[in-house]
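**Q** Below is the file target-v2.txt, with compact mmCIF, C-alpha atoms and all ligand atoms.
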# COMPACT_ATOMS: atom_id res chain seq x y z
CA MET N 1109 -43.87 16.03 -14.18
CA ILE N 1110 -40.17 15.31 -14.71
CA LYS N 1111 -39.01 16.84 -17.99
CA TYR N 1112 -35.56 15.26 -18.55
CA PRO N 1113 -35.07 11.93 -20.41
CA LEU N 1114 -36.10 8.92 -18.33
CA THR N 1115 -36.14 5.20 -18.95
CA LYS N 1116 -37.68 2.16 -17.27
CA VAL N 1117 -35.46 -0.58 -15.86
CA VAL N 1118 -36.21 -3.82 -14.12
CA GLU N 1119 -33.91 -4.73 -11.26
CA GLY N 1120 -34.67 -7.71 -9.10
CA GLN N 1121 -38.46 -7.88 -9.01
CA THR N 1122 -39.03 -4.15 -9.36
CA GLU N 1123 -39.69 -1.95 -12.38
CA ILE N 1124 -38.52 1.58 -11.74
CA THR N 1125 -38.08 4.80 -13.72
CA VAL N 1126 -34.52 6.16 -13.74
CA PRO N 1127 -32.69 8.88 -15.71
CA ASP N 1128 -31.68 7.79 -19.20
CA VAL N 1129 -28.07 8.51 -18.30
CA GLU N 1130 -26.67 7.98 -21.81
CA ALA N 1131 -28.74 10.99 -22.96
CA PHE N 1132 -26.63 13.18 -20.64
CA ARG N 1133 -23.18 11.91 -21.61
CA LYS N 1134 -20.93 14.98 -21.85
CA SER N 1135 -18.05 13.33 -23.71
CA PRO N 1136 -17.05 9.86 -24.94
CA THR N 1137 -14.82 9.44 -21.86
CA SER N 1138 -17.13 10.93 -19.23
CA PHE N 1139 -19.05 8.92 -16.63
CA PRO N 1140 -22.72 9.37 -17.63
CA PRO N 1141 -24.26 8.59 -14.19
CA SER N 1142 -22.49 11.71 -12.89
CA ASP N 1143 -23.53 13.78 -15.93
CA ALA N 1144 -27.24 13.07 -15.35
CA PRO N 1145 -29.36 15.30 -13.06
CA VAL N 1146 -29.92 12.30 -10.77
CA PHE N 1147 -27.39 9.54 -10.15
CA TYR N 1148 -28.13 6.07 -11.50
CA ASN N 1149 -25.44 3.50 -12.26
CA LYS N 1150 -26.50 0.26 -13.93
CA LYS N 1151 -23.07 -1.24 -13.13
CA MET N 1152 -23.95 -1.20 -9.41
CA GLU N 1153 -26.79 -3.71 -9.89
CA ILE N 1154 -24.61 -6.42 -8.36
CA ASN N 1155 -24.01 -4.20 -5.31
CA ARG N 1156 -27.78 -3.76 -4.88
CA ASP N 1157 -28.48 -7.45 -5.57
CA PHE N 1158 -26.11 -8.46 -2.77
CA ALA N 1159 -27.75 -5.86 -0.51
CA LEU N 1160 -31.21 -7.34 -1.10
CA ALA N 1161 -29.97 -10.91 -0.60
CA ILE N 1162 -28.21 -10.10 2.68
CA LEU N 1163 -31.26 -8.15 3.87
CA ARG N 1164 -33.50 -11.17 3.22
CA ILE N 1165 -31.17 -13.35 5.31
CA TYR N 1166 -30.89 -10.73 8.07
CA LEU N 1167 -34.68 -10.53 8.28
CA GLN N 1168 -35.04 -14.33 8.38
CA LYS N 1169 -32.57 -14.48 11.25
CA LYS N 1170 -34.07 -11.52 13.14
CA LYS N 1171 -37.41 -13.23 13.83
CA THR N 1172 -39.12 -10.24 15.46
CA LYS N 1173 -42.61 -8.83 15.28
CA ASP N 1174 -41.33 -5.29 15.95
CA GLU N 1175 -41.09 -2.87 13.05
CA ILE N 1176 -37.67 -2.91 11.39
CA THR N 1177 -36.42 0.35 9.94
CA TYR N 1178 -34.08 0.60 6.97
CA CYS N 1179 -32.35 3.87 6.07
CA GLU N 1180 -30.45 4.83 2.92
CA PRO N 1181 -28.96 8.29 3.57
CA MET N 1182 -27.69 8.75 -0.01
CA ALA N 1183 -30.29 7.20 -2.26
CA GLY N 1184 -29.65 8.85 -5.66
CA SER N 1185 -32.40 7.66 -8.02
CA GLY N 1186 -33.76 5.60 -5.12
CA ILE N 1187 -33.41 2.33 -7.00
CA ARG N 1188 -31.93 0.52 -3.99
CA SER N 1189 -34.46 1.68 -1.39
CA ILE N 1190 -37.38 1.34 -3.77
CA ARG N 1191 -36.39 -2.25 -4.47
CA VAL N 1192 -36.15 -2.80 -0.71
CA ALA N 1193 -39.59 -1.25 -0.11
CA ASN N 1194 -41.19 -3.14 -3.00
CA GLU N 1195 -39.60 -6.54 -2.37
CA LEU N 1196 -39.40 -6.51 1.44
CA PRO N 1197 -42.68 -4.86 2.46
CA SER N 1198 -42.25 -5.72 6.15
CA LEU N 1199 -39.60 -2.98 6.39
CA GLN N 1200 -40.16 0.70 7.05
CA VAL N 1201 -37.92 2.32 4.41
CA LEU N 1202 -36.34 5.75 4.89
CA MET N 1203 -34.62 7.27 1.88
CA ASN N 1204 -32.76 10.53 1.59
CA ASP N 1205 -30.76 12.59 -0.87
CA ARG N 1206 -29.69 16.20 -0.72
CA ASN N 1207 -30.38 16.56 -4.44
CA PRO N 1208 -33.96 17.86 -4.84
CA GLN N 1209 -34.24 16.31 -8.31
CA ALA N 1210 -33.40 12.90 -6.83
CA VAL N 1211 -36.08 13.33 -4.19
CA LYS N 1212 -38.65 14.27 -6.85
CA LEU N 1213 -37.86 11.14 -8.86
CA ILE N 1214 -37.97 8.94 -5.75
CA LYS N 1215 -41.41 10.31 -4.86
CA GLU N 1216 -42.73 9.65 -8.39
CA ASN N 1217 -41.55 6.04 -8.23
CA ILE N 1218 -43.10 5.58 -4.79
CA LYS N 1219 -46.42 6.86 -6.14
CA LYS N 1220 -46.32 4.59 -9.20
CA LEU N 1221 -45.46 1.51 -7.14
CA LYS N 1222 -47.92 2.39 -4.34
CA LEU N 1223 -45.25 2.24 -1.64
CA LYS N 1224 -46.31 5.34 0.30
CA LYS N 1225 -47.51 3.42 3.35
CA HIS N 1226 -44.13 2.10 4.44
CA THR N 1227 -41.71 4.67 3.02
CA GLU N 1228 -40.50 8.10 4.12
CA VAL N 1229 -38.50 10.43 1.89
CA PHE N 1230 -36.14 13.17 3.10
CA GLU N 1231 -34.21 15.91 1.29
CA ASP N 1232 -31.38 16.53 3.70
CA ASP N 1233 -27.68 16.25 4.30
CA ALA N 1234 -26.95 12.58 5.08
CA ASN N 1235 -25.16 13.30 8.37
CA GLU N 1236 -27.80 15.77 9.51
CA LEU N 1237 -30.58 13.29 8.80
CA MET N 1238 -28.87 10.44 10.66
CA LEU N 1239 -28.10 12.58 13.70
CA ARG N 1240 -31.64 13.96 13.74
CA LEU N 1241 -33.03 10.42 13.66
CA ARG N 1242 -30.72 9.48 16.51
CA ALA N 1243 -31.70 12.56 18.55
CA SER N 1244 -35.38 11.72 18.05
CA GLY N 1245 -34.76 8.35 19.71
CA ARG N 1246 -35.99 6.45 16.67
CA LYS N 1247 -34.48 2.97 16.31
CA ILE N 1248 -32.73 2.52 12.98
CA ASP N 1249 -31.95 -1.15 12.43
CA ILE N 1250 -30.33 -1.04 9.01
CA ILE N 1251 -28.19 1.65 7.38
CA ASP N 1252 -26.95 1.33 3.82
CA LEU N 1253 -24.17 3.81 3.16
CA ASP N 1254 -23.56 4.11 -0.58
CA PRO N 1255 -21.80 7.44 -1.23
CA PHE N 1256 -19.86 8.95 -4.11
CA GLY N 1257 -16.31 7.82 -3.42
CA SER N 1258 -15.46 7.67 0.25
CA PRO N 1259 -17.80 6.66 3.11
CA SER N 1260 -15.40 8.27 5.58
CA PRO N 1261 -17.28 11.62 6.08
CA PHE N 1262 -20.42 9.67 7.04
CA THR N 1263 -19.02 6.94 9.25
CA ASP N 1264 -19.33 8.71 12.58
CA ALA N 1265 -23.00 9.74 12.18
CA THR N 1266 -23.72 6.21 10.94
CA ALA N 1267 -21.99 4.68 13.97
CA GLN N 1268 -24.06 6.89 16.28
CA THR N 1269 -27.38 6.18 14.58
CA ILE N 1270 -27.27 2.43 13.90
CA GLY N 1271 -29.33 0.50 16.45
CA LYS N 1272 -28.65 -2.53 18.60
CA ASN N 1273 -28.24 -5.75 16.59
CA GLY N 1274 -28.28 -3.60 13.50
CA LEU N 1275 -27.02 -4.26 10.01
CA LEU N 1276 -24.60 -1.78 8.51
CA ALA N 1277 -23.72 -1.95 4.83
CA VAL N 1278 -20.93 0.26 3.50
CA THR N 1279 -19.66 0.87 -0.03
CA SER N 1280 -16.49 2.64 -1.05
CA THR N 1281 -15.54 3.56 -4.60
CA ASP N 1282 -12.54 5.52 -3.33
CA MET N 1283 -10.26 2.82 -4.68
CA ALA N 1284 -7.31 4.85 -5.99
CA THR N 1285 -6.89 6.41 -2.55
CA MET N 1286 -7.42 3.22 -0.54
CA CYS N 1287 -5.17 1.19 -2.84
CA GLY N 1288 -2.26 3.54 -2.29
CA VAL N 1289 -2.19 5.73 -5.41
CA TYR N 1290 -2.71 8.73 -3.08
CA PRO N 1291 -1.23 7.59 0.25
CA LYS N 1292 -1.44 11.01 1.94
CA ALA N 1293 -5.15 11.31 1.11
CA CYS N 1294 -5.64 7.78 2.45
CA ILE N 1295 -4.01 8.60 5.78
CA ARG N 1296 -6.08 11.79 6.04
CA LYS N 1297 -9.39 10.08 5.29
CA TYR N 1298 -8.92 6.70 6.97
CA ALA N 1299 -6.04 7.21 9.43
CA SER N 1300 -4.50 4.15 7.82
CA LYS N 1301 -1.47 3.64 5.60
CA PRO N 1302 -2.16 1.87 2.29
CA ILE N 1303 0.18 -0.36 0.29
CA HIS N 1304 0.30 0.10 -3.47
CA SER N 1305 0.72 -3.53 -4.54
CA PHE N 1306 -1.26 -6.62 -5.53
CA ILE N 1307 -2.67 -7.02 -2.02
CA ALA N 1308 -4.16 -3.51 -2.17
CA HIS N 1309 -7.79 -4.53 -2.71
CA GLU N 1310 -7.97 -6.83 0.30
CA LEU N 1311 -6.14 -4.19 2.29
CA ALA N 1312 -8.79 -1.66 1.21
CA VAL N 1313 -11.63 -3.92 2.42
CA ARG N 1314 -9.83 -4.43 5.73
CA MET N 1315 -9.15 -0.69 5.98
CA MET N 1316 -12.85 0.06 5.52
CA LEU N 1317 -13.73 -2.53 8.18
CA GLY N 1318 -11.03 -1.11 10.44
CA PHE N 1319 -12.06 2.54 10.38
CA THR N 1320 -15.74 1.56 10.66
CA ALA N 1321 -14.89 -0.58 13.70
CA ILE N 1322 -13.07 2.37 15.29
CA ALA N 1323 -16.10 4.65 14.73
CA LEU N 1324 -18.51 2.04 16.12
CA ALA N 1325 -16.30 1.37 19.16
CA ARG N 1326 -16.18 5.12 19.89
CA HIS N 1327 -19.94 4.88 20.38
CA GLY N 1328 -19.87 1.65 22.40
CA LYS N 1329 -20.77 -0.66 19.51
CA SER N 1330 -18.98 -3.68 18.12
CA THR N 1331 -18.15 -4.86 14.61
CA VAL N 1332 -19.00 -8.36 13.44
CA PRO N 1333 -18.34 -8.57 9.69
CA ILE N 1334 -20.69 -11.01 8.00
CA PHE N 1335 -19.81 -10.56 4.35
CA ALA N 1336 -17.54 -8.39 2.22
CA HIS N 1337 -16.53 -8.26 -1.39
CA SER N 1338 -14.27 -6.41 -3.77
CA THR N 1339 -15.89 -6.20 -7.18
CA GLU N 1340 -14.67 -4.17 -10.16
CA HIS N 1341 -14.41 -0.52 -9.06
CA PHE N 1342 -15.88 -0.82 -5.57
CA ILE N 1343 -15.63 -2.57 -2.23
CA ARG N 1344 -18.49 -3.41 0.06
CA ALA N 1345 -18.83 -4.68 3.62
CA TYR N 1346 -21.77 -5.90 5.71
CA ILE N 1347 -21.41 -5.59 9.47
CA PHE N 1348 -23.62 -6.91 12.25
CA VAL N 1349 -23.53 -4.26 14.98
CA GLU N 1350 -23.90 -5.19 18.63
CA LYS N 1351 -24.05 -2.81 21.56
CA GLY N 1352 -21.79 -3.02 24.61
CA ILE N 1353 -18.50 -1.59 25.83
CA THR N 1354 -16.84 -5.00 26.29
CA LYS N 1355 -17.85 -6.13 22.82
CA ALA N 1356 -16.60 -2.83 21.39
CA LYS N 1357 -13.27 -3.23 23.22
CA ASN N 1358 -12.93 -6.77 21.91
CA ALA N 1359 -13.63 -5.64 18.36
CA MET N 1360 -10.70 -3.21 18.62
CA LYS N 1361 -8.40 -6.18 19.25
CA ASN N 1362 -8.90 -7.14 15.61
CA LEU N 1363 -6.98 -4.12 14.40
CA GLY N 1364 -3.39 -4.46 13.31
CA PHE N 1365 -0.78 -4.06 10.58
CA VAL N 1366 0.44 -5.97 7.54
CA ALA N 1367 3.99 -6.05 6.24
CA HIS N 1368 4.45 -6.78 2.56
CA CYS N 1369 7.81 -7.31 0.91
CA THR N 1370 7.62 -6.17 -2.68
CA ASN N 1371 10.91 -7.96 -3.40
CA CYS N 1372 10.17 -11.54 -2.29
CA TYR N 1373 6.40 -11.07 -1.67
CA ASN N 1374 6.63 -12.31 1.90
CA LEU N 1375 3.61 -11.29 4.00
CA GLU N 1376 3.26 -10.89 7.74
CA THR N 1377 0.56 -9.48 10.02
CA ALA N 1378 0.52 -8.42 13.67
CA ASN N 1379 -2.39 -7.27 15.81
CA GLY N 1380 -2.21 -4.09 17.87
CA LEU N 1381 -2.65 -0.36 17.52
CA ILE N 1382 1.10 0.16 17.47
CA ASN N 1383 3.04 -1.49 14.70
CA THR N 1384 5.42 -4.21 15.93
CA LEU N 1385 6.41 -5.57 12.51
CA ALA N 1386 10.05 -5.04 11.56
CA LYS N 1387 10.76 -2.88 8.55
CA GLN N 1388 13.32 -5.34 7.22
CA CYS N 1389 12.02 -8.50 5.54
CA PRO N 1390 13.13 -11.55 7.58
CA HIS N 1391 13.18 -13.57 4.37
CA CYS N 1392 15.22 -11.45 1.94
CA GLY N 1393 16.42 -8.44 3.96
CA GLU N 1394 14.68 -5.80 1.80
CA ILE N 1395 12.73 -2.93 3.39
CA ARG N 1396 9.07 -3.93 3.56
CA GLN N 1397 5.96 -1.79 3.14
CA ILE N 1398 3.84 -1.61 6.28
CA GLY N 1399 0.11 -0.95 5.95
CA GLY N 1400 -2.50 -0.22 8.60
CA PRO N 1401 -4.08 -0.09 11.01
CA ILE N 1402 -6.58 -2.38 9.30
CA TRP N 1403 -9.06 -5.06 10.34
CA LEU N 1404 -7.24 -8.39 10.76
CA GLY N 1405 -10.24 -10.32 12.07
CA LYS N 1406 -12.69 -12.43 10.12
CA MET N 1407 -14.41 -10.85 7.12
CA TYR N 1408 -17.14 -13.47 6.75
CA ASP N 1409 -19.71 -15.28 8.86
CA LYS N 1410 -20.15 -18.91 7.82
CA ASP N 1411 -23.93 -18.97 8.42
CA TYR N 1412 -24.44 -15.86 6.32
CA VAL N 1413 -22.19 -17.09 3.51
CA CYS N 1414 -24.00 -20.46 3.34
CA ALA N 1415 -27.41 -18.79 3.57
CA LEU N 1416 -26.38 -16.39 0.82
CA GLU N 1417 -25.41 -19.23 -1.50
CA ASN N 1418 -28.69 -20.95 -0.71
CA GLU N 1419 -30.68 -17.79 -1.35
CA LEU N 1420 -29.01 -17.29 -4.74
CA VAL N 1421 -29.70 -20.87 -5.79
CA GLN N 1422 -33.29 -20.99 -4.50
CA ASN N 1423 -34.33 -17.47 -5.47
CA THR N 1424 -32.23 -16.84 -8.61
CA ILE N 1425 -35.10 -14.98 -10.25
CA ALA N 1426 -34.79 -12.13 -7.70
CA TYR N 1427 -31.26 -11.22 -8.78
CA GLY N 1428 -30.28 -10.10 -12.30
CA THR N 1429 -26.62 -10.69 -11.49
CA ALA N 1430 -27.14 -14.06 -9.73
CA LYS N 1431 -24.58 -15.89 -11.89
CA LYS N 1432 -21.82 -13.39 -11.10
CA MET N 1433 -22.83 -13.29 -7.43
CA LEU N 1434 -22.67 -17.07 -7.13
CA LYS N 1435 -19.16 -17.07 -8.55
CA ILE N 1436 -18.08 -14.56 -5.89
CA VAL N 1437 -19.87 -16.43 -3.11
CA SER N 1438 -18.30 -19.77 -4.04
CA LEU N 1439 -14.83 -18.19 -3.75
CA VAL N 1440 -15.77 -16.38 -0.53
CA LYS N 1441 -16.77 -19.79 0.85
CA GLU N 1442 -13.20 -20.94 0.26
CA GLU N 1443 -11.79 -17.82 1.94
CA ASN N 1444 -14.12 -18.43 4.84
CA GLU N 1445 -12.76 -22.00 5.09
CA ALA N 1446 -9.27 -20.48 5.31
CA GLU N 1447 -10.48 -18.18 8.12
CA ILE N 1448 -12.05 -21.08 9.99
CA SER N 1449 -9.06 -23.42 9.62
CA SER N 1450 -6.56 -20.93 10.97
CA GLU N 1451 -6.33 -18.61 13.96
CA LYS N 1452 -5.12 -15.84 11.68
CA SER N 1453 -6.62 -14.16 8.65
CA HIS N 1454 -4.40 -14.32 5.61
CA PHE N 1455 -3.71 -12.10 2.68
CA TYR N 1456 -3.11 -13.73 -0.67
CA PHE N 1457 -0.07 -14.49 -2.80
CA ASP N 1458 -0.31 -13.70 -6.52
CA LEU N 1459 1.12 -16.82 -8.18
CA HIS N 1460 1.66 -15.07 -11.54
CA ARG N 1461 3.72 -12.34 -9.92
CA ILE N 1462 5.84 -14.81 -7.97
CA ALA N 1463 6.37 -16.96 -11.09
CA ASP N 1464 7.39 -13.83 -13.02
CA LYS N 1465 9.93 -12.99 -10.34
CA LEU N 1466 11.28 -16.55 -10.44
CA ASN N 1467 11.45 -16.35 -14.22
CA VAL N 1468 9.34 -19.48 -14.59
CA PRO N 1469 6.01 -20.04 -16.36
CA SER N 1470 2.83 -19.51 -14.34
CA PRO N 1471 1.83 -22.67 -12.49
CA LYS N 1472 -1.67 -24.11 -12.36
CA MET N 1473 -3.30 -22.62 -9.29
CA VAL N 1474 -5.12 -25.83 -8.41
CA THR N 1475 -1.82 -27.80 -8.45
CA VAL N 1476 -0.13 -25.30 -6.11
CA ILE N 1477 -3.14 -25.42 -3.78
CA THR N 1478 -3.12 -29.24 -3.73
CA LEU N 1479 0.64 -29.39 -3.09
CA LEU N 1480 0.40 -26.94 -0.19
CA GLN N 1481 -2.60 -28.74 1.29
CA LYS N 1482 -0.72 -32.07 1.02
CA SER N 1483 2.12 -30.47 2.99
CA GLY N 1484 -0.32 -29.63 5.78
CA PHE N 1485 -0.94 -25.95 5.00
CA ILE N 1486 -4.27 -24.32 4.41
CA ALA N 1487 -4.57 -23.08 0.84
CA PHE N 1488 -7.62 -21.63 -0.85
CA ARG N 1489 -8.58 -19.33 -3.72
CA THR N 1490 -9.80 -15.76 -3.17
CA HIS N 1491 -12.57 -13.81 -4.93
CA ILE N 1492 -10.49 -10.64 -4.71
CA ARG N 1493 -7.82 -11.52 -7.24
CA THR N 1494 -7.46 -14.19 -9.91
CA ASN N 1495 -4.37 -16.45 -9.86
CA SER N 1496 -3.96 -15.74 -6.16
CA ILE N 1497 -4.16 -17.98 -3.11
CA LYS N 1498 -4.66 -17.53 0.61
CA THR N 1499 -2.41 -19.77 2.62
CA ASP N 1500 -0.66 -20.00 5.96
CA ALA N 1501 2.45 -21.32 4.18
CA PRO N 1502 5.49 -19.01 4.28
CA ILE N 1503 6.74 -17.58 0.99
CA GLU N 1504 9.53 -20.18 0.65
CA LYS N 1505 6.96 -23.01 0.76
CA VAL N 1506 4.82 -21.22 -1.81
CA VAL N 1507 7.88 -20.88 -4.05
CA GLU N 1508 8.67 -24.61 -3.58
CA ALA N 1509 5.07 -25.50 -4.49
CA ILE N 1510 5.20 -23.28 -7.60
CA LYS N 1511 8.44 -24.94 -8.79
CA GLN N 1512 7.03 -28.40 -8.10
CA ALA N 1513 3.75 -27.57 -9.87
CA ILE N 1514 5.68 -26.57 -13.00
CA LYS N 1515 7.68 -29.82 -12.94
CA ASP N 1516 4.47 -31.83 -12.48
C1 LIG N 1601 -23.45 6.94 -5.41
S1 LIG N 1601 -24.90 7.91 -5.35
C2 LIG N 1601 -26.05 6.86 -4.56
C3 LIG N 1601 -26.49 5.70 -5.37
C4 LIG N 1601 -27.57 4.87 -4.75
N1 LIG N 1601 -27.27 4.53 -3.39
C5 LIG N 1601 -27.82 3.59 -5.59
O1 LIG N 1601 -27.79 2.47 -5.06
O2 LIG N 1601 -28.07 3.75 -6.80
C6 LIG N 1601 -24.56 9.08 -4.12
C7 LIG N 1601 -25.72 10.04 -3.84
O3 LIG N 1601 -25.39 10.75 -2.65
C8 LIG N 1601 -25.91 12.05 -2.74
N2 LIG N 1601 -25.13 12.83 -1.76
C9 LIG N 1601 -23.81 13.17 -1.80
N3 LIG N 1601 -23.45 13.79 -0.67
C10 LIG N 1601 -24.55 13.85 0.11
C11 LIG N 1601 -24.81 14.35 1.41
N4 LIG N 1601 -23.84 14.94 2.13
N5 LIG N 1601 -26.04 14.20 1.91
C12 LIG N 1601 -27.03 13.62 1.20
N6 LIG N 1601 -26.86 13.14 -0.06
C13 LIG N 1601 -25.63 13.23 -0.58
C14 LIG N 1601 -25.73 12.45 -4.18
O4 LIG N 1601 -26.69 13.44 -4.53
C15 LIG N 1601 -25.98 11.09 -4.90
O5 LIG N 1601 -27.31 11.00 -5.32
ZN ZN N 1602 11.43 -10.09 1.26
I'd like the structure from this file rewritten - as structure tokens, please.
**A**
Amino acid sequence: MIKYPLTKVVEGQTEITVPDVEAFRKSPTSFPPSDAPVFYNKKMEINRDFALAILRIYLQKKKTKDEITYCEPMAGSGIRSIRVANELPSLQVLMNDRNPQAVKLIKENIKKLKLKKHTEVFEDDANELMLRLRASGRKIDIIDLDPFGSPSPFTDATAQTIGKNGLLAVTSTDMATMCGVYPKACIRKYASKPIHSFIAHELAVRMMLGFTAIALARHGKSTVPIFAHSTEHFIRAYIFVEKGITKAKNAMKNLGFVAHCTNCYNLETANGLINTLAKQCPHCGEIRQIGGPIWLGKMYDKDYVCALENELVQNTIAYGTAKKMLKIVSLVKEENEAEISSEKSHFYFDLHRIADKLNVPSPKMVTVITLLQKSGFIAFRTHIRTNSIKTDAPIEKVVEAIKQAIKD
């Protein structure tokens, strides 16, 4: 019997018992999920909803009769894995947490929901568990890495353990570090230099993809991002992992650097493991900030993005946050169009910031996009930041379009 305060929640199509985190709140400003004996964060429902939706699509595409194994090395209350086990019963679900109280709660929920047959629960260190699974020769098809803060300490064991044609999902809530508030910590954890500016969130997603790709390549595996998003206090990426030295080598070619001028907002990227971007801005002459290495390849797979939209429309009932998810996916579709229409991936320009700098009112985003598209550039919205556009137009053309949009 668990003696601390518990409550029942319904997420997706699963009713599960979780800690009543508000009962543990230590102070008005504290973060109750961390105060509770077992971690449960209601705000991450959208993260779990996306995970379930992508898993459904992955399984549809996989078309195999072999057993598929899912592993969540840091399961907390178990809400994610228990949803997976309950809603996708074809999977063998492995869940782990080093907190014995978490394991006890997970086991109670498994018993209540009668999921014993296709679940296994471990009370171990995440890295130890993954490496033990690898050493045993067991094929792990899907790993969902959802740690406190940074995924960095777990990336290497994950890269070793994930199987051929596997699906790797990674969360980071280490946003202050990855967005450049603590640049030294960022370099230490991710071997990548952040930029503290309005492009920081996309840079963080690309940094997470970049250091994951490096870890996978080290173990002869490639990185094919299929979906990624930056939502509130976290970032998340889904990677299809293939095996093969050539594929791994090719994935490494997607690494590179970004130069961002915080004076005129000019942006430039260059692939390579050595930075070749000049420090001085070619547009205004100011010293630019250089970030990286980061992933400069595609972040989305068109088939997955379309299937995801379809899944959310057809199966809305399975996702409590479907409305919010659809909003993100519709913007990701635009970003994906930008990726498809151009050889290069593009960061975004914040139109409000540029208008502020020009001392003019903020233009209508849709007008700027139309003007740029009429001039032959690609121009799309991004889910990562409001009032921002992804375009292959240089800064001077964006400025021209902003001025024109105001006149119009
Ligand atoms: C953010 S919570 C997980 C939340 C969960 N994935 C979800 O969707 O609700 C992180 C969990 O990782 C566990 N943890 C932290 N470090 C660990 C380690 N080295 N090995 C195993 N578990 C760990 C903590 O006990 C905590 O329950
Ligand atoms: Zn400049």
**Q** Please check which protein, DNA or RNA residues sit within 7 Å of ligand LIG 1601 (chain N), counting only C-alpha atoms and all ligand atoms, and write them as number ranges by chain.
**A** N: 1146-1149, 1152, 1156, 1181-1188, 1204-1207, 1210, 1232-1235, 1254-1256
**Q** For the residues in that selection, give me C-alpha atoms as a PDB file, keeping the file's coordinate frame.
**A**
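After the write, result.pdb holds the following:
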ATOM      1  CA  VAL N1146     -29.920  12.300 -10.770  1.00  0.00           C
ATOM      2  CA  PHE N1147     -27.390   9.540 -10.150  1.00  0.00           C
ATOM      3  CA  TYR N1148     -28.130   6.070 -11.500  1.00  0.00           C
ATOM      4  CA  ASN N1149     -25.440   3.500 -12.260  1.00  0.00           C
ATOM      5  CA  MET N1152     -23.950  -1.200  -9.410  1.00  0.00           C
ATOM      6  CA  ARG N1156     -27.780  -3.760  -4.880  1.00  0.00           C
ATOM      7  CA  PRO N1181     -28.960   8.290   3.570  1.00  0.00           C
ATOM      8  CA  MET N1182     -27.690   8.750  -0.010  1.00  0.00           C
ATOM      9  CA  ALA N1183     -30.290   7.200  -2.260  1.00  0.00           C
ATOM     10  CA  GLY N1184     -29.650   8.850  -5.660  1.00  0.00           C
ATOM     11  CA  SER N1185     -32.400   7.660  -8.020  1.00  0.00           C
ATOM     12  CA  GLY N1186     -33.760   5.600  -5.120  1.00  0.00           C
ATOM     13  CA  ILE N1187     -33.410   2.330  -7.000  1.00  0.00           C
ATOM     14  CA  ARG N1188     -31.930   0.520  -3.990  1.00  0.00           C
ATOM     15  CA  ASN N1204     -32.760  10.530   1.590  1.00  0.00           C
ATOM     16  CA  ASP N1205     -30.760  12.590  -0.870  1.00  0.00           C
ATOM     17  CA  ARG N1206     -29.690  16.200  -0.720  1.00  0.00           C
ATOM     18  CA  ASN N1207     -30.380  16.560  -4.440  1.00  0.00           C
ATOM     19  CA  ALA N1210     -33.400  12.900  -6.830  1.00  0.00           C
ATOM     20  CA  ASP N1232     -31.380  16.530   3.700  1.00  0.00           C
ATOM     21  CA  ASP N1233     -27.680  16.250   4.300  1.00  0.00           C
ATOM     22  CA  ALA N1234     -26.950  12.580   5.080  1.00  0.00           C
ATOM     23  CA  ASN N1235     -25.160  13.300   8.370  1.00  0.00           C
ATOM     24  CA  ASP N1254     -23.560   4.110  -0.580  1.00  0.00           C
ATOM     25  CA  PRO N1255     -21.800   7.440  -1.230  1.00  0.00           C
ATOM     26  CA  PHE N1256     -19.860   8.950  -4.110  1.00  0.00           C
TER      27      PHE N1256
END
**Q** I'd like to know which of N:His1460, N:Lys1472, N:His1341, N:Arg1396 is closest to ligand ZN 1602 (chain N), using only C-alpha atoms and all ligand atoms.
**A** N:Arg1396
**Q** Which residue is closest to ligand ZN 1602 (chain N)? Choose from N:Thr1339, N:Ser1142, N:Thr1320, N:Asn1374 and count only C-alpha atoms and all ligand atoms.
**A**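 The closest residue to ligand ZN 1602 (chain N) is N:Asn1374.
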**Q** Between CA of Val1507 (chain N) and CA of Arg1493 (chain N), measure the distance and give it in Å to one decimal.
**A** 18.6 Å
**Q** Name the residues within 8 Å of (-44.7, 1.4, -1.8), counting all atoms listed in the file in the file's coordinates, and put them as a count of residues only.
**A** 13
**Q** I'd like the neighbourhood of region 1158-1170 of chain N as a VMD selection string, where a residue qualifies if any of its atoms comes within 7 Å (using all atoms listed in the file), though same-chain residues fewer than 5 positions away should be ignored.
**A** chain N and resid 1192 1415 to 1416 1419
**Q** Quote the spacing between CA of Leu1363 (chain N) and CA of Val1332 (chain N) in Å to one decimal place.
**A**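 Between these atoms lies a distance of 12.8 Å.
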**Q** Would you compute the distance between CA of Thr1279 (chain N) and CA of Tyr1408 (chain N)? Give it in Å to one decimal.
**A**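 Going from CA of Thr1279 (chain N) over to CA of Tyr1408 (chain N), I get 16.1 Å.
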**Q** Once 8 Å is added on each side, what are the centre and the three edge lengths, in Å to one decimal, of the axis-aligned box enclosing the listed atoms of region 1250-1266 of chain N? Present them as JSON.
**A**
{"center_x": -22.9, "center_y": 5.3, "center_z": 4.2, "size_x": 30.9, "size_y": 28.7, "size_z": 32.7}
